[in-house]
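Engineer: What follows is target_4.pdb, PDB, C-alpha atoms.
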```pdb
ATOM      1  CA  MET V   1     116.718  50.423 180.657
ATOM      2  CA  SER V   2     115.442  53.790 181.832
ATOM      3  CA  SER V   3     113.709  54.312 185.160
ATOM      4  CA  TRP V   4     110.361  53.994 183.359
ATOM      5  CA  SER V   5     111.014  50.689 181.600
ATOM      6  CA  GLU V   6     109.342  48.611 184.307
ATOM      7  CA  PHE V   7     106.125  50.546 183.804
ATOM      8  CA  ARG V   8     106.291  50.424 180.005
ATOM      9  CA  LEU V   9     106.809  46.685 180.033
ATOM     10  CA  ALA V  10     103.863  46.220 182.393
ATOM     11  CA  ALA V  11     101.713  48.403 180.143
ATOM     12  CA  GLU V  12     102.749  46.346 177.117
ATOM     13  CA  GLU V  13     101.699  43.171 178.914
ATOM     14  CA  ALA V  14      98.378  44.710 179.936
ATOM     15  CA  ALA V  15      97.694  46.019 176.435
ATOM     16  CA  ARG V  16      98.284  42.620 174.878
ATOM     17  CA  ALA V  17      95.990  41.020 177.453
ATOM     18  CA  ALA V  18      93.256  43.545 176.671
ATOM     19  CA  GLY V  19      93.760  43.042 172.942
ATOM     20  CA  ALA V  20      93.232  39.309 173.382
ATOM     21  CA  VAL V  21      89.990  40.038 175.233
ATOM     22  CA  LEU V  22      88.782  42.284 172.409
ATOM     23  CA  GLU V  23      89.548  39.713 169.718
ATOM     24  CA  ASP V  24      87.826  36.973 171.726
ATOM     25  CA  TRP V  25      84.683  39.078 172.098
ATOM     26  CA  ALA V  26      84.735  40.023 168.411
ATOM     27  CA  SER V  27      84.594  36.346 167.481
ATOM     28  CA  ARG V  28      81.248  36.090 169.270
ATOM     29  CA  PHE V  29      79.515  38.861 167.327
ATOM     30  CA  THR V  30      78.070  36.625 164.600
ATOM     31  CA  VAL V  31      76.835  33.870 166.942
ATOM     32  CA  SER V  32      75.339  35.873 169.795
ATOM     33  CA  GLU V  33      71.698  36.818 170.171
ATOM     34  CA  LYS V  34      72.802  40.138 171.655
ATOM     35  CA  GLY V  35      73.194  43.197 169.429
ATOM     36  CA  PRO V  36      76.598  44.681 168.571
ATOM     37  CA  ALA V  37      76.101  47.635 170.919
ATOM     38  CA  ASP V  38      75.608  45.350 173.912
ATOM     39  CA  LEU V  39      78.510  43.142 172.940
ATOM     40  CA  VAL V  40      80.936  45.990 172.380
ATOM     41  CA  THR V  41      80.094  47.460 175.792
ATOM     42  CA  GLU V  42      80.803  44.107 177.419
ATOM     43  CA  ALA V  43      84.030  43.770 175.427
ATOM     44  CA  ASP V  44      85.102  47.284 176.415
ATOM     45  CA  VAL V  45      84.448  46.665 180.109
ATOM     46  CA  ALA V  46      86.146  43.259 180.049
ATOM     47  CA  ALA V  47      89.242  44.692 178.339
ATOM     48  CA  GLN V  48      89.458  47.531 180.859
ATOM     49  CA  ARG V  49      89.117  45.039 183.708
ATOM     50  CA  ALA V  50      92.003  42.996 182.313
ATOM     51  CA  ILE V  51      94.213  46.099 182.213
ATOM     52  CA  HIS V  52      93.210  47.312 185.656
ATOM     53  CA  ASP V  53      93.625  43.928 187.322
ATOM     54  CA  LEU V  54      97.118  43.419 185.927
ATOM     55  CA  LEU V  55      98.402  46.923 186.646
ATOM     56  CA  HIS V  56      96.713  47.259 190.035
ATOM     57  CA  GLY V  57      98.140  43.895 191.035
ATOM     58  CA  ARG V  58     101.616  45.056 189.983
ATOM     59  CA  PHE V  59     101.374  48.653 191.309
ATOM     60  CA  PRO V  60      98.721  48.753 194.058
ATOM     61  CA  THR V  61      99.422  52.355 195.097
ATOM     62  CA  HIS V  62      98.707  53.828 191.651
ATOM     63  CA  GLY V  63      95.479  55.539 190.605
ATOM     64  CA  PHE V  64      93.482  54.941 187.437
ATOM     65  CA  LEU V  65      91.477  56.959 184.926
ATOM     66  CA  GLY V  66      89.656  54.963 182.276
ATOM     67  CA  GLU V  67      87.012  55.530 179.636
ATOM     68  CA  GLU V  68      84.609  52.954 181.038
ATOM     69  CA  GLY V  69      83.809  54.751 184.285
ATOM     70  CA  LEU V  70      87.148  54.017 185.943
ATOM     71  CA  ALA V  71      88.310  56.762 188.297
ATOM     72  CA  ALA V  72      90.317  55.703 191.330
ATOM     73  CA  THR V  73      92.896  57.609 193.346
ATOM     74  CA  GLY V  74      95.555  55.376 194.817
ATOM     75  CA  SER V  75      97.547  55.925 197.969
ATOM     76  CA  ASP V  76     100.090  57.573 195.663
ATOM     77  CA  PRO V  77      97.887  60.445 194.427
ATOM     78  CA  GLU V  78     100.523  61.783 192.006
ATOM     79  CA  THR V  79     100.696  58.628 189.878
ATOM     80  CA  ARG V  80      97.916  57.320 187.651
ATOM     81  CA  TRP V  81      97.312  55.092 184.677
ATOM     82  CA  ILE V  82      95.210  56.595 181.869
ATOM     83  CA  ILE V  83      93.401  53.857 179.957
ATOM     84  CA  ASP V  84      91.288  53.490 176.844
ATOM     85  CA  PRO V  85      90.536  49.771 176.488
ATOM     86  CA  LEU V  86      88.992  50.206 173.041
ATOM     87  CA  ASP V  87      89.734  53.278 170.967
ATOM     88  CA  GLY V  88      87.850  53.038 167.680
ATOM     89  CA  THR V  89      84.592  51.456 168.809
ATOM     90  CA  THR V  90      82.680  51.921 165.557
ATOM     91  CA  ASN V  91      85.540  50.427 163.576
ATOM     92  CA  TYR V  92      85.631  47.480 165.976
ATOM     93  CA  VAL V  93      81.893  46.822 165.637
ATOM     94  CA  HIS V  94      82.185  46.815 161.847
ATOM     95  CA  ARG V  95      85.384  44.730 161.956
ATOM     96  CA  PHE V  96      87.249  47.530 160.239
ATOM     97  CA  PRO V  97      90.851  46.918 161.356
ATOM     98  CA  TYR V  98      91.660  50.313 162.836
ATOM     99  CA  TYR V  99      91.128  50.167 166.600
ATOM    100  CA  ALA V 100      93.472  49.861 169.555
ATOM    101  CA  VAL V 101      94.148  49.597 173.268
ATOM    102  CA  SER V 102      95.794  52.681 174.784
ATOM    103  CA  ILE V 103      97.579  52.864 178.159
ATOM    104  CA  ALA V 104      99.671  55.710 179.594
ATOM    105  CA  LEU V 105     101.362  56.393 182.912
ATOM    106  CA  GLU V 106     101.253  59.947 184.240
ATOM    107  CA  VAL V 107     103.398  60.973 187.212
ATOM    108  CA  ARG V 108     102.970  64.432 188.733
ATOM    109  CA  GLY V 109     101.265  65.611 185.571
ATOM    110  CA  VAL V 110     104.022  64.359 183.242
ATOM    111  CA  LEU V 111     103.598  61.480 180.793
ATOM    112  CA  ARG V 112     106.235  58.863 181.560
ATOM    113  CA  ALA V 113     105.235  55.713 179.634
ATOM    114  CA  GLY V 114     102.741  54.943 176.898
ATOM    115  CA  VAL V 115     101.597  51.923 174.918
ATOM    116  CA  ILE V 116      99.168  51.541 171.998
ATOM    117  CA  PHE V 117      98.370  48.026 170.802
ATOM    118  CA  ASP V 118      96.571  47.231 167.546
ATOM    119  CA  PRO V 119      95.416  43.625 168.019
ATOM    120  CA  SER V 120      94.169  43.211 164.455
ATOM    121  CA  LYS V 121      97.690  43.797 163.072
ATOM    122  CA  ASN V 122      99.670  42.713 166.137
ATOM    123  CA  GLU V 123     101.419  46.092 166.199
ATOM    124  CA  LEU V 124     102.662  47.250 169.581
ATOM    125  CA  PHE V 125     103.677  50.915 169.760
ATOM    126  CA  SER V 126     105.446  51.888 172.983
ATOM    127  CA  ALA V 127     107.383  54.777 174.472
ATOM    128  CA  GLU V 128     108.921  55.925 177.709
ATOM    129  CA  GLN V 129     110.083  59.395 178.584
ATOM    130  CA  GLY V 130     113.658  59.785 177.440
ATOM    131  CA  GLY V 131     113.758  56.280 175.984
ATOM    132  CA  GLY V 132     112.382  56.789 172.503
ATOM    133  CA  ALA V 133     109.358  55.336 170.723
ATOM    134  CA  TRP V 134     109.197  51.849 169.275
ATOM    135  CA  LEU V 135     107.045  49.584 167.109
ATOM    136  CA  ASN V 136     107.527  45.861 167.721
ATOM    137  CA  GLY V 137     111.136  46.544 168.705
ATOM    138  CA  ARG V 138     111.926  48.960 165.852
ATOM    139  CA  ARG V 139     112.845  52.557 166.720
ATOM    140  CA  LEU V 140     110.334  55.106 165.426
ATOM    141  CA  GLN V 141     111.040  58.461 163.809
ATOM    142  CA  THR V 142     108.494  60.950 162.531
ATOM    143  CA  SER V 143     108.399  61.915 158.856
ATOM    144  CA  ARG V 144     110.295  64.884 157.453
ATOM    145  CA  PHE V 145     107.651  66.423 155.167
ATOM    146  CA  ALA V 146     107.751  70.098 156.068
ATOM    147  CA  SER V 147     104.887  71.734 154.178
ATOM    148  CA  LEU V 148     101.135  71.341 153.924
ATOM    149  CA  ARG V 149     101.373  70.620 150.202
ATOM    150  CA  GLN V 150     103.442  67.536 150.972
ATOM    151  CA  ALA V 151     101.518  66.421 154.027
ATOM    152  CA  MET V 152      99.287  63.431 154.640
ATOM    153  CA  LEU V 153      97.070  64.500 157.532
ATOM    154  CA  ILE V 154      94.227  63.095 159.609
ATOM    155  CA  ALA V 155      91.488  64.637 161.771
ATOM    156  CA  SER V 156      88.828  63.628 164.294
ATOM    157  CA  PHE V 157      85.320  65.092 164.500
ATOM    158  CA  PRO V 158      82.997  65.201 167.515
ATOM    159  CA  PRO V 159      79.958  62.879 167.490
ATOM    160  CA  GLY V 160      77.018  64.246 165.513
ATOM    161  CA  VAL V 161      79.123  66.866 163.762
ATOM    162  CA  LYS V 162      77.077  69.170 161.506
ATOM    163  CA  ALA V 163      77.924  70.104 157.926
ATOM    164  CA  ASN V 164      78.284  73.825 158.689
ATOM    165  CA  SER V 165      80.182  73.386 161.962
ATOM    166  CA  LEU V 166      83.684  74.683 162.699
ATOM    167  CA  PRO V 167      85.306  71.204 162.669
ATOM    168  CA  ILE V 168      84.035  70.672 159.116
ATOM    169  CA  GLN V 169      85.124  74.160 158.064
ATOM    170  CA  ARG V 170      88.618  73.467 159.405
ATOM    171  CA  PHE V 171      88.716  70.126 157.604
ATOM    172  CA  LEU V 172      87.720  71.666 154.272
ATOM    173  CA  HIS V 173      90.111  74.593 154.672
ATOM    174  CA  VAL V 174      93.061  72.255 155.267
ATOM    175  CA  LEU V 175      91.871  69.779 152.619
ATOM    176  CA  ASP V 176      92.298  72.491 150.018
ATOM    177  CA  ARG V 177      95.909  73.056 151.071
ATOM    178  CA  ALA V 178      97.309  69.642 152.052
ATOM    179  CA  GLN V 179      98.230  66.704 149.861
ATOM    180  CA  THR V 180      95.455  64.677 151.512
ATOM    181  CA  VAL V 181      93.359  64.618 154.706
ATOM    182  CA  HIS V 182      91.737  61.537 156.229
ATOM    183  CA  ARG V 183      89.333  60.643 159.032
ATOM    184  CA  SER V 184      89.804  57.252 160.676
ATOM    185  CA  GLY V 185      87.882  56.745 163.910
ATOM    186  CA  SER V 186      90.806  55.998 166.273
ATOM    187  CA  ALA V 187      92.693  58.885 167.856
ATOM    188  CA  ALA V 188      95.204  56.537 169.483
ATOM    189  CA  LEU V 189      96.239  54.969 166.182
ATOM    190  CA  ASN V 190      96.276  58.359 164.461
ATOM    191  CA  LEU V 191      98.888  59.495 166.968
ATOM    192  CA  ALA V 192     100.807  56.222 166.746
ATOM    193  CA  TYR V 193     100.910  56.612 162.960
ATOM    194  CA  VAL V 194     102.276  60.163 163.275
ATOM    195  CA  ALA V 195     105.003  58.772 165.540
ATOM    196  CA  ALA V 196     105.720  56.016 163.006
ATOM    197  CA  GLY V 197     106.009  58.447 160.084
ATOM    198  CA  ARG V 198     102.937  57.013 158.348
ATOM    199  CA  LEU V 199     101.069  60.286 158.842
ATOM    200  CA  ASP V 200     102.488  63.801 159.072
ATOM    201  CA  GLY V 201      99.943  65.483 161.332
ATOM    202  CA  TYR V 202      96.706  65.095 163.274
ATOM    203  CA  TRP V 203      94.262  67.446 164.948
ATOM    204  CA  SER V 204      91.084  67.207 167.017
ATOM    205  CA  THR V 205      88.882  69.164 169.417
ATOM    206  CA  SER V 206      86.873  66.194 170.691
ATOM    207  CA  LEU V 207      89.323  64.041 172.651
ATOM    208  CA  LYS V 208      89.437  62.916 176.272
ATOM    209  CA  PRO V 209      92.692  62.321 178.168
ATOM    210  CA  TRP V 210      92.529  58.562 177.565
ATOM    211  CA  ASP V 211      92.238  59.106 173.807
ATOM    212  CA  MET V 212      95.518  60.951 173.519
ATOM    213  CA  ALA V 213      97.802  60.395 176.532
ATOM    214  CA  ALA V 214      99.801  57.421 175.241
ATOM    215  CA  GLY V 215      99.873  58.712 171.666
ATOM    216  CA  VAL V 216     101.158  62.143 172.633
ATOM    217  CA  LEU V 217     104.138  60.570 174.389
ATOM    218  CA  LEU V 218     104.796  58.378 171.357
ATOM    219  CA  VAL V 219     104.882  61.431 169.089
ATOM    220  CA  ARG V 220     107.177  63.324 171.442
ATOM    221  CA  GLU V 221     109.630  60.445 171.751
ATOM    222  CA  ALA V 222     109.655  59.896 167.974
ATOM    223  CA  GLY V 223     110.729  63.497 167.369
ATOM    224  CA  GLY V 224     107.334  65.092 166.795
ATOM    225  CA  ARG V 225     105.607  68.068 168.345
ATOM    226  CA  ASP V 226     102.303  68.616 170.156
ATOM    227  CA  SER V 227     100.318  71.681 171.158
ATOM    228  CA  LYS V 228      96.844  73.106 171.121
ATOM    229  CA  MET V 229      95.737  74.103 167.645
ATOM    230  CA  ASP V 230      96.823  77.707 168.233
ATOM    231  CA  GLY V 231     100.334  76.571 169.154
ATOM    232  CA  THR V 232     100.031  77.047 172.924
ATOM    233  CA  PRO V 233     100.999  74.185 175.283
ATOM    234  CA  LEU V 234      98.841  71.084 175.266
ATOM    235  CA  GLU V 235      96.681  70.236 178.291
ATOM    236  CA  LEU V 236      95.397  66.666 178.478
ATOM    237  CA  ALA V 237      92.204  67.799 180.186
ATOM    238  CA  VAL V 238      91.369  70.205 177.338
ATOM    239  CA  PRO V 239      90.014  68.754 174.051
ATOM    240  CA  ASP V 240      92.292  70.752 171.755
ATOM    241  CA  LEU V 241      95.133  68.845 170.104
ATOM    242  CA  LEU V 242      97.541  69.354 167.235
ATOM    243  CA  CYS V 243     100.312  66.790 166.740
ATOM    244  CA  THR V 244     102.761  66.766 163.839
ATOM    245  CA  ASN V 245     106.114  65.389 162.761
ATOM    246  CA  GLY V 246     107.860  68.364 164.365
ATOM    247  CA  THR V 247     108.921  70.159 161.180
ATOM    248  CA  ALA V 248     107.795  73.591 159.976
ATOM    249  CA  LEU V 249     104.550  71.839 159.072
ATOM    250  CA  HIS V 250     103.361  72.304 162.659
ATOM    251  CA  ASP V 251     103.206  76.082 162.508
ATOM    252  CA  GLU V 252     101.832  76.113 158.975
ATOM    253  CA  LEU V 253      99.032  73.712 159.911
ATOM    254  CA  SER V 254      98.310  75.702 163.068
ATOM    255  CA  ARG V 255      97.916  78.866 160.993
ATOM    256  CA  ALA V 256      95.643  77.117 158.486
ATOM    257  CA  LEU V 257      93.398  75.791 161.250
ATOM    258  CA  GLY V 258      93.207  79.269 162.744
ATOM    259  CA  GLU V 259      92.259  80.803 159.391
ATOM    260  CA  ALA V 260      89.129  78.628 159.290
ATOM    261  CA  ALA V 261      87.861  79.934 162.637
ATOM    262  CA  PRO V 262      85.333  82.812 162.621
ATOM    263  CA  ARG V 263      86.803  86.243 163.209
TER     264      ARG V 263
END
```
As structure tokens - that is how I would like this structure written.
Structural biologist:
Amino acid sequence: MSSWSEFRLAAEEAARAAGAVLEDWASRFTVSEKGPADLVTEADVAAQRAIHDLLHGRFPTHGFLGEEGLAATGSDPETRWIIDPLDGTTNYVHRFPYYAVSIALEVRGVLRAGVIFDPSKNELFSAEQGGGAWLNGRRLQTSRFASLRQAMLIASFPPGVKANSLPIQRFLHVLDRAQTVHRSGSAALNLAYVAAGRLDGYWSTSLKPWDMAAGVLLVREAGGRDSKMDGTPLELAVPDLLCTNGTALHDELSRALGEAAPR
């Protein structure tokens, strides 16, 4: 085990606990008098609470950053958990099986452990710095497709995206050059699928740190590459992400995305 295994294993336990909470709440959707929006908010908050309570109980000095209003600095200010208890909310509401729990550990600005759990498929993606990336105990490796013409890609759009906006122009520009381009609704699973070799690349300009922290580490540990869309180093606090399988595809996709931007 590496020095980060204890934290990865704790994150795996927390992710499974949160996934169980999500599936329990989903079973109530058809029998509750409340609307889906109210229920999903309660499910989200309950799942985040399950994660926080387990990890805080295990590591009381650590800080937390979570989608559902969770921002706490621990007595160890250089260590924090970055949590998305439900990535893919719209999919979850519609019972479309593409949503996940995402948990990452960041120490002194470096991602050290990451877990993404898909409760609908019981798929647990996990990684630790220097220890590789895994899916239910199987070692992950990114794909080897090296050109846009071969690539199966995926993208995320910001809420309320307009037909003539830059994200749509980028999507159409790449669509004309790649084998296929998808949009799914879960950034965490998009990144997990790049790590697993199911997708070859992913880009977005609408993500928060909790959307991408665990997935970025998965991609890195599976042999992939991450950056901003222009190829410069990724910053978790900046919503500008390009992740690929790590082949020459990365630079080619970066150039294509740049070509769609106004001069």
Engineer: Hey, what's within 10 Å of Glu23 of chain V if we count all atoms listed in the file and toss same-chain stuff fewer than 2 positions away? As a ChimeraX atom specification, please?
Structural biologist: /V:18-21,25-28,43,47,92,119-120
Engineer: Could you state the separation of atom CA of His250 of chain V and atom CA of Ala196 of chain V in Å, given to one decimal place?
Structural biologist: 16.5 Å
Engineer: Within 8 Å of (98.3, 38.4, 181.1), in the coordinates the file gives, what residues turn up when you count all atoms listed in the file, written out as a PDB file with C-alpha atoms, in the frame of the given file?
Structural biologist:
```pdb
ATOM      1  CA  GLU V  13     101.699  43.171 178.914  1.00  0.00           C
ATOM      2  CA  ALA V  14      98.378  44.710 179.936  1.00  0.00           C
ATOM      3  CA  ARG V  16      98.284  42.620 174.878  1.00  0.00           C
ATOM      4  CA  ALA V  17      95.990  41.020 177.453  1.00  0.00           C
ATOM      5  CA  ALA V  50      92.003  42.996 182.313  1.00  0.00           C
ATOM      6  CA  LEU V  54      97.118  43.419 185.927  1.00  0.00           C
TER       7      LEU V  54
END
```
Engineer: May I have the protein, DNA and RNA residues with any atom at most 8 Å from the point (92.3, 57.2, 165.0), counting all atoms listed in the file, written as a PyMOL selection string?
Structural biologist: chain V and resi 87-88+98-99+156+183-191
Engineer: Can you tell me which residues surround Met152 of chain V at a distance of at most 9 Å, considering all atoms listed in the file, apart from same-chain residues fewer than 6 positions away, and format the answer as an mmCIF file with C-alpha atoms, in the frame of the given file?
Structural biologist:
```
data_model
loop_
_atom_site.group_PDB
_atom_site.id
_atom_site.type_symbol
_atom_site.label_atom_id
_atom_site.label_comp_id
_atom_site.auth_asym_id
_atom_site.auth_seq_id
_atom_site.Cartn_x
_atom_site.Cartn_y
_atom_site.Cartn_z
ATOM 1 C CA PHE V 145 107.651 66.423 155.167
ATOM 2 C CA ALA V 178 97.309 69.642 152.052
ATOM 3 C CA GLN V 179 98.230 66.704 149.861
ATOM 4 C CA THR V 180 95.455 64.677 151.512
ATOM 5 C CA VAL V 181 93.359 64.618 154.706
ATOM 6 C CA HIS V 182 91.737 61.537 156.229
ATOM 7 C CA ARG V 198 102.937 57.013 158.348
ATOM 8 C CA LEU V 199 101.069 60.286 158.842
ATOM 9 C CA ASP V 200 102.488 63.801 159.072
ATOM 10 C CA GLY V 201 99.943 65.483 161.332
#
```
Engineer: Considering all atoms listed in the file, can you say which of V:Ile51, V:Leu249, V:Ala11, V:Val219 comes closest to Leu105 of chain V?
Structural biologist: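 Once distances to Leu105 of chain V are computed over all atoms listed in the file, the minimum belongs to V:Ala11.
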Engineer: Give me the residues within 7 Å of Gly132 of chain V as a list in words, counting all atoms listed in the file and dropping any in the same chain fewer than 4 places off.
Structural biologist: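 In the requested form, the answer reads Ala127, Glu128, Glu221 and Ala222 of chain V.
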Engineer: Smallest atom-to-atom distance to Arg108 of chain V: which of V:Pro85, V:Gly69, V:Pro77, V:Gly137, using only C-alpha atoms?
Structural biologist: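 Smallest separation from Arg108 of chain V among the options: V:Pro77.
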Engineer: With distances taken over all atoms listed in the file, which of V:Ala113, V:Leu253, V:Leu217, V:Met229 is nearest to Ser147 of chain V?
Structural biologist: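 Among the listed residues, the smallest separation from Ser147 of chain V belongs to V:Leu253.
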Engineer: Please measure the separation of atom CA of Trp4 of chain V and atom CA of Gly130 of chain V, giving the value in Å to one decimal.
Structural biologist: 8.9 Å
Engineer: Just how far from atom CA of Phe157 of chain V is atom CA of Gln48 of chain V, in Å to one decimal?
Structural biologist: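 Result for atom CA of Gln48 of chain V versus atom CA of Phe157 of chain V: 24.4 Å, one decimal.
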Engineer: Centre and edge lengths, as JSON, for the axis-aligned box enclosing every listed atom of segment 181-190 of chain V with 3 Å of padding on each of the six sides, in Å to one decimal?
Structural biologist:
```
{"center_x": 92.1, "center_y": 59.8, "center_z": 162.1, "size_x": 14.4, "size_y": 15.6, "size_z": 20.8}
```
Engineer: For Ile103 of chain V, which residue among V:Ala46, V:Cys243, V:Ile83, V:Leu207 is the nearest when counting all atoms listed in the file?
Structural biologist: V:Ile83
Engineer: Using only C-alpha atoms, which protein or nucleic acid residues come within 8 Å of segment 256-262 of chain V? Drop anything in the same chain fewer than 2 positions from it, and give the result as number ranges by chain.
Structural biologist: V: 166, 169-170, 173-174, 229-230, 252-254
Engineer: Do you know which residues the PyMOL selection byres ((chain V and resi 104) around 12) returns on this file, as a PyMOL selection string?
Structural biologist: chain V and resi 4+7-12+14-15+51+55+63-66+79-85+101-103+105-107+109-117+125-129+188+209-218+236
Engineer: Here is a test: counting all atoms listed in the file, which residue of V:Lys162, V:Arg144, V:Arg149, V:Arg255 is nearest to Gly224 of chain V?
Structural biologist: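 Result for the nearest residue to Gly224 of chain V: V:Arg144.
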Engineer: Would you please work out which residue, of V:Arg225, V:Arg95, V:Leu140, V:Leu39, is nearest to Ala248 of chain V when using only C-alpha atoms?
Structural biologist: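 Of the candidates, the smallest distance to Ala248 of chain V is held by V:Arg225.
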Engineer: Take the PyMOL selection byres ((chain V and resi 240) around 8), run it mentally on this structure, and tell me the resulting residues as a list in words.
Structural biologist: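 In the shown coordinates, the PyMOL selection byres ((chain V and resi 240) around 8) covers Trp203, Ser204, Thr205, Ser206, Leu207, Lys228, Met229, Leu234, Glu235, Val238, Pro239, Leu241 and Leu242 of chain V.
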